[in-house]
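Scroll down for the structure; my scribbles are underneath it.
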Amino acid sequence: MPSLVGALFLGTAIAYTLAAGLYLVSLVRGAEGPGRFAARVLMAAATLHIAYLSADTLGEAPPMHGIAQTLTFLSLGIVLAFLLARLRGKGIDILGAFLTPVALLFLMGAGVGRSVDPVSTDVRSTLLPFHIGVNALGIIAFALAFGAASAYVIQERMLRRKKLGGIFQRLPPLDVLDTFGLRAVSIGFPLLTVGILSGAFWVDPVQSFEISPMHGMALASWVFFAGVLLLRLAAGWRGRRAAYGTIMGFICALGVLIGYVVRDTGVS
Amino acid sequence: MVKELVLVGLSHHTAPLELREKLAVDGDARTELLKTWSQHAAGEGVVISTCNRVELYATTDDAAIAERQARALLESKLTEEERARLGDALYVRDGEAAVRHLFRVAASLDSMVVGEPQILGQVKEAYDAARAAGTLGSLLGRCFSRSFSVAKRVRTETGIAEGTVSVSSIASQLAKKIFGELAGRRVLLLGAGEMGEAAARSLANTGAVLRVVNRSPEKARRVAAECGGEPRGYEQLASEMVHADVVISSTSSDRYVLTTKLMKDVLRGRRFRPIFLIDIAVPRDVDPRVGDMESVFLFDVDDLQEVAQENLTQRRQAAMTAERIVDIEVAEIEAWRRTLDLTPTIVALRERFAEVVNGEIERSIKKLDLDVKGRKSLERMGDAMVKKLLHPPLATLKKSAGSPENATLIAATRSLFDLEHPSQDKERSQAPAGGGELVPDEG
């Protein structure tokens, strides 16, 4: 069924692009209509995405075994987590403008990585899906934190420069973004910790002593998030520094994923 | 003739507060005024009364008479000297201009602060009062309820209400943008002064906890009592600053009160929790360099006024879009009102034709002694004749709606078919039946 899978992939990508566009329009132009419509398009896109993921899994390798499937799972996870979060927290709808493009990026990454075979059997172990799954959940949480942190940085900068029109009016209050980001980081951090440990000691014990760029990136990401949490809990740091730390941590995590895509496509 | 909307009133554009407050009515006084006014105005009337405007609306066919009556009504509440001033203050609008005025008022385009939200509630209040008093006719009712949807459209489609324009509301809006909910947040008012107190009060109204610090303990107590806060001694300034989320500074000191040195200590104690400093004092209380410090958001009077100015400019631009919306809506309601002119004529013409034809058919049926089938087909023939005969004139009339010749055509139709008087046929049919040879005069 490769043609069906391909069509579903394309449909999902188009729906995400549309949702991202609508969110951006509502952020920049402040139109209420596109904002409400965007959430609906995003829900439809997520449904398509689930269909795509199901078709792909039935047709090919088991889930969580290759970079392509991991990225697809991440993309869907970010969207679902955001849709859930917006049900609970009021006024964070507009974060869709930051998160939908990230989800789209991951999906595109999955498209690039699709040509790659699943991880070679000698690295495979029963713990591999666990390792990837835990890391993926962590990255989903960080993506949400990243969305909130980006909005925070923009909002803070506009406030400081006293540019109070347009986008400033549409973004949620700083405190809401700060709290939301912290919550997401404190969920993601233990997952990332378990993910890194499981990677180092269980899944890949042979390679764990050579430090690859990906390992370095993963560690850097961990350090950033640990810093954000530690300084927050110990010294009460918050606001801009926490937001920058979150953004840096997420970029490092992205680096790890890009590293995998490059390595895997390079190998094949 | 068909009635038109008319309004007579005065507003902040034309009359000073002393005059407006004399004429403002509320509750029972409004009901009374409504009753008197609507008696003059053929039973329909609405009175909008706010601190910025008093406007009497009615339906009438003669705006000049309505103006005289409104003037007399309003003058009765004024002294001799004030009456002279009323002359220039009153404005009169009728027809389309009156509808446009109502829509602009409801959409807050005519307000002192364009885009302010209260006016719509006040127009609704006026509408409800008129409905309760039984003075709301179909035209007024339709125009007013339409004005609500116009206001809503303007609000959602133009962003006219975006961005506040008074210093104290800008302060509390910015505080909300930083802290989210303000309930339970700490606000510190430093010094006394009208603008500072107003800002503190508007923040305290959102549920924030207010502390007042002043060099004079007595003043601190007085201001705290007025604004619903707690007074604190001046020596507690630094520790209060550590716990405050919003600080409003409006002392009369000619040196910086919140220096970088003081703020460094305060910020260390706060561990970079954001603090919002509003410096309303002139000369300034807060060293401008404080604004560059981590987690400090500093706004001085100029910043706030600039925001107000920007918002005002934005509102003006939005108002231009809003005027176009009003234009469209006025055109729609006018089109509807014009069919009101037309509708009674069309109905009367149809009735007249149907009466004549049906009367004749009735007589023929009796004469010919027809069975049910024959009767039915004769009746159908009558209906078809009326429809076919009336089609061209009715189509012409309908097409003319809104054009200048519309009134002429309506008048001609009414006079040609003598629609102003009850039909002779009707009179005849009320007389003993018979006389089938009688032929009606009308064609």
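We label chains A, B, ... in the order they appear in the structure tokens, count residues from 1 in each chain, and number ligands from 1 in the order shown.
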| field | Shell around Lys3 in chain B at 7 Å using only C-alpha atoms, local window under 4 positions removed, as a PyMOL selection string | value | chain B and resi 59-61
Against chain A, which residues of chain B fall within 9 Å? For each one I want the closest pair of atoms and the distance in Å (one decimal), counting only C-alpha atoms, rows by chain and increasing residue number, as a Markdown table.
```
| residue | atom | partner | partner_atom | distance |
| --- | --- | --- | --- | --- |
| B:Thr156 | CA | A:Glu32 | CA | 8.0 |
| B:Glu157 | CA | A:Ala31 | CA | 8.0 |
| B:Gly159 | CA | A:Gly30 | CA | 8.7 |
| B:Glu162 | CA | A:Gln169 | CA | 8.4 |
| B:Gly163 | CA | A:Gly165 | CA | 7.9 |
| B:Leu174 | CA | A:Leu159 | CA | 8.7 |
| B:Ala175 | CA | A:Pro173 | CA | 8.9 |
| B:Lys176 | CA | A:Pro173 | CA | 6.7 |
| B:Lys177 | CA | A:Pro173 | CA | 4.3 |
| B:Ile178 | CA | A:Leu174 | CA | 4.8 |
| B:Phe179 | CA | A:Asp175 | CA | 5.0 |
| B:Gly180 | CA | A:Pro173 | CA | 5.1 |
| B:Glu181 | CA | A:Pro173 | CA | 8.8 |
| B:Arg270 | CA | A:Gly236 | CA | 8.5 |
| B:Arg271 | CA | A:Gly236 | CA | 5.8 |
| B:Phe272 | CA | A:Trp237 | CA | 6.0 |
| B:Arg273 | CA | A:Arg238 | CA | 6.6 |
| B:Pro274 | CA | A:Gly239 | CA | 7.2 |
| B:Gly291 | CA | A:Arg160 | CA | 8.1 |
| B:Asp292 | CA | A:Arg160 | CA | 8.4 |
| B:Glu294 | CA | A:Arg240 | CA | 8.4 |
| B:Ser295 | CA | A:Gly239 | CA | 7.2 |
| B:Val296 | CA | A:Arg160 | CA | 8.5 |
| B:Phe297 | CA | A:Arg160 | CA | 6.3 |
| B:Leu298 | CA | A:Arg160 | CA | 7.9 |
| B:Phe299 | CA | A:Lys162 | CA | 8.3 |
| B:Asp303 | CA | A:Lys162 | CA | 7.4 |
| B:Val307 | CA | A:Leu164 | CA | 7.3 |
| B:Glu310 | CA | A:Gly165 | CA | 8.3 |
| B:Asn311 | CA | A:Gly165 | CA | 8.0 |
| B:Gln314 | CA | A:Gly165 | CA | 9.0 |
```
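Nearest residue to Ala107 in chain B among B:Gln173, B:Ser168, B:Thr79, B:Ser149 is B:Ser149, counting only C-alpha atoms.
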| said: Calculated over only C-alpha atoms, which of the candidates A:Ala39, A:Leu128, A:Leu231, A:Ala13 has the smallest distance to Ser26 in chain A? | reply: A:Ala39
| range 19-260 of chain A: which residues are helix (DSSP H, G or I) by DSSP, as a PyMOL selection string? | chain A and resi 19-29+32-59+67-88+93-113+128-160+167-170+174-203+207-209+213-235+240-260
| query | Do you know which residues are at most 9 Å from Ala145 in chain A counting only C-alpha atoms, after dropping those on the same chain fewer than 3 positions away, and could you put them as an NGL selection string? | reply | :A and (140-142 or 148-150 or 177-178 or 180-185 or 188 or 243 or 246-247 or 250)
| Which of these, B:Leu390, B:Val6, B:Leu267, B:Ala200, has the shortest distance to Ser249 in chain B once you count only C-alpha atoms? | B:Ala200
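Of the residues under consideration (B:Arg71, B:Arg352, B:Lys387, B:Arg201), B:Arg352 shows the shortest atom-to-atom contact distance to Glu420 in chain B when counting only C-alpha atoms.
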| task | Find the residues near Leu397 in chain B: any atom within 12 Å, counting only C-alpha atoms, skip ones fewer than 2 places away on the same chain, and give them as a PyMOL selection string. | result | chain B and resi 338-339+341-346+349+390-395+399-414
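The environment of Arg20 in chain B within 9 Å, counting only C-alpha atoms and disregarding residues fewer than 2 places along the same chain, consists of B:Leu10, B:Ser11, B:His12, B:Ala15, B:Pro16, B:Leu17, B:Glu18, B:Lys22, B:Leu23, B:Ala24, B:Thr50, B:Cys51, B:Asn52, B:Arg53, B:Val54.
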Go ahead and save the picked residues with all heavy atoms, as an mmCIF file, in the first residue's frame.
```
data_model
loop_
_atom_site.group_PDB
_atom_site.id
_atom_site.type_symbol
_atom_site.label_atom_id
_atom_site.label_comp_id
_atom_site.auth_asym_id
_atom_site.auth_seq_id
_atom_site.Cartn_x
_atom_site.Cartn_y
_atom_site.Cartn_z
ATOM 1 N N LEU B 10 -28.555 65.943 22.019
ATOM 2 C CA LEU B 10 -27.327 66.701 22.217
ATOM 3 C C LEU B 10 -26.288 65.750 22.808
ATOM 4 O O LEU B 10 -26.652 64.758 23.449
ATOM 5 C CB LEU B 10 -27.563 67.912 23.124
ATOM 6 C CG LEU B 10 -27.815 67.704 24.614
ATOM 7 C CD1 LEU B 10 -27.763 69.028 25.324
ATOM 8 C CD2 LEU B 10 -29.176 67.056 24.852
ATOM 9 N N SER B 11 -25.008 66.057 22.542
ATOM 10 C CA SER B 11 -23.964 65.161 23.025
ATOM 11 C C SER B 11 -22.733 65.962 23.416
ATOM 12 O O SER B 11 -22.733 67.193 23.334
ATOM 13 C CB SER B 11 -23.597 64.154 21.938
ATOM 14 O OG SER B 11 -22.838 64.813 20.942
ATOM 15 N N HIS B 12 -21.705 65.239 23.798
ATOM 16 C CA HIS B 12 -20.457 65.906 24.186
ATOM 17 C C HIS B 12 -19.860 66.709 23.043
ATOM 18 O O HIS B 12 -19.033 67.577 23.265
ATOM 19 C CB HIS B 12 -19.450 64.865 24.686
ATOM 20 C CG HIS B 12 -19.131 63.828 23.650
ATOM 21 N ND1 HIS B 12 -18.022 63.901 22.846
ATOM 22 C CD2 HIS B 12 -19.801 62.707 23.273
ATOM 23 C CE1 HIS B 12 -18.010 62.865 22.029
ATOM 24 N NE2 HIS B 12 -19.077 62.122 22.266
ATOM 25 N N ALA B 15 -22.674 69.968 23.469
ATOM 26 C CA ALA B 15 -23.140 70.596 24.713
ATOM 27 C C ALA B 15 -22.169 70.354 25.851
ATOM 28 O O ALA B 15 -21.568 69.280 25.940
ATOM 29 C CB ALA B 15 -24.510 70.039 25.085
ATOM 30 N N PRO B 16 -21.992 71.342 26.744
ATOM 31 C CA PRO B 16 -21.119 71.144 27.900
ATOM 32 C C PRO B 16 -21.778 70.237 28.935
ATOM 33 O O PRO B 16 -22.995 70.029 28.899
ATOM 34 C CB PRO B 16 -20.949 72.554 28.457
ATOM 35 C CG PRO B 16 -22.187 73.270 28.046
ATOM 36 C CD PRO B 16 -22.607 72.674 26.741
ATOM 37 N N LEU B 17 -20.954 69.731 29.827
ATOM 38 C CA LEU B 17 -21.434 68.791 30.838
ATOM 39 C C LEU B 17 -22.584 69.373 31.662
ATOM 40 O O LEU B 17 -23.556 68.668 31.954
ATOM 41 C CB LEU B 17 -20.263 68.402 31.755
ATOM 42 C CG LEU B 17 -20.570 67.395 32.855
ATOM 43 C CD1 LEU B 17 -21.009 66.068 32.261
ATOM 44 C CD2 LEU B 17 -19.353 67.178 33.751
ATOM 45 N N GLU B 18 -22.511 70.691 31.993
ATOM 46 C CA GLU B 18 -23.548 71.294 32.853
ATOM 47 C C GLU B 18 -24.925 71.126 32.233
ATOM 48 O O GLU B 18 -25.917 70.924 32.934
ATOM 49 C CB GLU B 18 -23.289 72.792 33.075
ATOM 50 C CG GLU B 18 -21.936 73.141 33.635
ATOM 51 C CD GLU B 18 -20.942 73.397 32.513
ATOM 52 O OE1 GLU B 18 -20.979 74.468 31.901
ATOM 53 O OE2 GLU B 18 -20.143 72.472 32.245
ATOM 54 N N LYS B 22 -28.069 68.135 33.277
ATOM 55 C CA LYS B 22 -29.404 68.611 33.602
ATOM 56 C C LYS B 22 -30.478 67.765 32.891
ATOM 57 O O LYS B 22 -31.586 67.581 33.384
ATOM 58 C CB LYS B 22 -29.560 70.077 33.155
ATOM 59 C CG LYS B 22 -29.186 71.091 34.220
ATOM 60 C CD LYS B 22 -30.302 71.203 35.227
ATOM 61 C CE LYS B 22 -30.019 72.187 36.339
ATOM 62 N NZ LYS B 22 -29.994 73.580 35.878
ATOM 63 N N LEU B 23 -30.126 67.294 31.710
ATOM 64 C CA LEU B 23 -31.129 66.635 30.870
ATOM 65 C C LEU B 23 -31.105 65.113 30.965
ATOM 66 O O LEU B 23 -32.010 64.444 30.484
ATOM 67 C CB LEU B 23 -30.919 67.054 29.410
ATOM 68 C CG LEU B 23 -31.150 68.545 29.161
ATOM 69 C CD1 LEU B 23 -30.679 68.943 27.777
ATOM 70 C CD2 LEU B 23 -32.618 68.893 29.340
ATOM 71 N N ALA B 24 -30.031 64.578 31.562
ATOM 72 C CA ALA B 24 -29.927 63.119 31.650
ATOM 73 C C ALA B 24 -31.079 62.552 32.475
ATOM 74 O O ALA B 24 -31.471 63.135 33.483
ATOM 75 C CB ALA B 24 -28.589 62.741 32.285
ATOM 76 N N THR B 50 -26.976 59.068 28.521
ATOM 77 C CA THR B 50 -25.723 58.712 29.187
ATOM 78 C C THR B 50 -25.104 60.012 29.669
ATOM 79 O O THR B 50 -25.670 61.082 29.444
ATOM 80 C CB THR B 50 -24.748 58.037 28.205
ATOM 81 O OG1 THR B 50 -24.183 59.046 27.360
ATOM 82 C CG2 THR B 50 -25.434 56.996 27.358
ATOM 83 N N CYS B 51 -23.941 59.917 30.314
ATOM 84 C CA CYS B 51 -23.341 61.173 30.764
ATOM 85 C C CYS B 51 -22.819 61.984 29.585
ATOM 86 O O CYS B 51 -22.519 63.153 29.722
ATOM 87 C CB CYS B 51 -22.243 60.920 31.791
ATOM 88 S SG CYS B 51 -21.020 59.756 31.224
ATOM 89 N N ASN B 52 -22.732 61.355 28.414
ATOM 90 C CA ASN B 52 -22.224 62.092 27.261
ATOM 91 C C ASN B 52 -23.291 62.478 26.241
ATOM 92 O O ASN B 52 -22.996 63.216 25.306
ATOM 93 C CB ASN B 52 -21.141 61.281 26.547
ATOM 94 C CG ASN B 52 -19.825 61.368 27.277
ATOM 95 O OD1 ASN B 52 -19.572 62.364 27.966
ATOM 96 N ND2 ASN B 52 -19.012 60.347 27.166
ATOM 97 N N ARG B 53 -24.483 61.927 26.365
ATOM 98 C CA ARG B 53 -25.498 62.273 25.374
ATOM 99 C C ARG B 53 -26.909 62.034 25.897
ATOM 100 O O ARG B 53 -27.138 61.151 26.728
ATOM 101 C CB ARG B 53 -25.292 61.495 24.077
ATOM 102 C CG ARG B 53 -25.583 59.988 24.184
ATOM 103 C CD ARG B 53 -25.298 59.281 22.882
ATOM 104 N NE ARG B 53 -23.877 59.304 22.583
ATOM 105 C CZ ARG B 53 -23.340 59.948 21.547
ATOM 106 N NH1 ARG B 53 -24.113 60.569 20.698
ATOM 107 N NH2 ARG B 53 -22.045 59.941 21.358
ATOM 108 N N VAL B 54 -27.831 62.870 25.379
ATOM 109 C CA VAL B 54 -29.254 62.619 25.575
ATOM 110 C C VAL B 54 -29.869 62.706 24.190
ATOM 111 O O VAL B 54 -29.730 63.721 23.504
ATOM 112 C CB VAL B 54 -29.896 63.686 26.497
ATOM 113 C CG1 VAL B 54 -31.387 63.438 26.618
ATOM 114 C CG2 VAL B 54 -29.233 63.673 27.856
#
```
| field | Picked from range 197-250 of chain B by DSSP as strand (DSSP E or B), as a PyMOL selection string | value | chain B and resi 209-213+230-232+246-249
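If you look at CA of Arg86 in chain A and CA of Ala45 in chain A, they are 16.2 Å away from each other.
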| task | Take CA of Thr12 in chain A and CA of His131 in chain A and report the distance between them in Å, one decimal. | result | 26.5 Å
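Among the candidates B:Asp369, B:Glu355, B:Glu329, B:Glu323, the one nearest to Asp383 in chain B when counting only C-alpha atoms is B:Glu355.
With only C-alpha atoms as the atoms that count, the residue of B:Val246, B:Arg186, B:Ala198, B:Arg104 with the shortest distance to Glu230 in chain B is B:Arg186.
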| said: List as a PyMOL selection string the protein and nucleic acid residues near Ala103 in chain A, meaning an atom at most 8 Å away when only C-alpha atoms are counted, but skip any in the same chain fewer than 3 places from it. | reply: chain A and resi 16+74-76+78-79+99-100+106-107
| query | Can you tell me how far CA of His243 in chain B sits from CA of Ile92 in chain A, in Å to one decimal? | reply | 27.5 Å
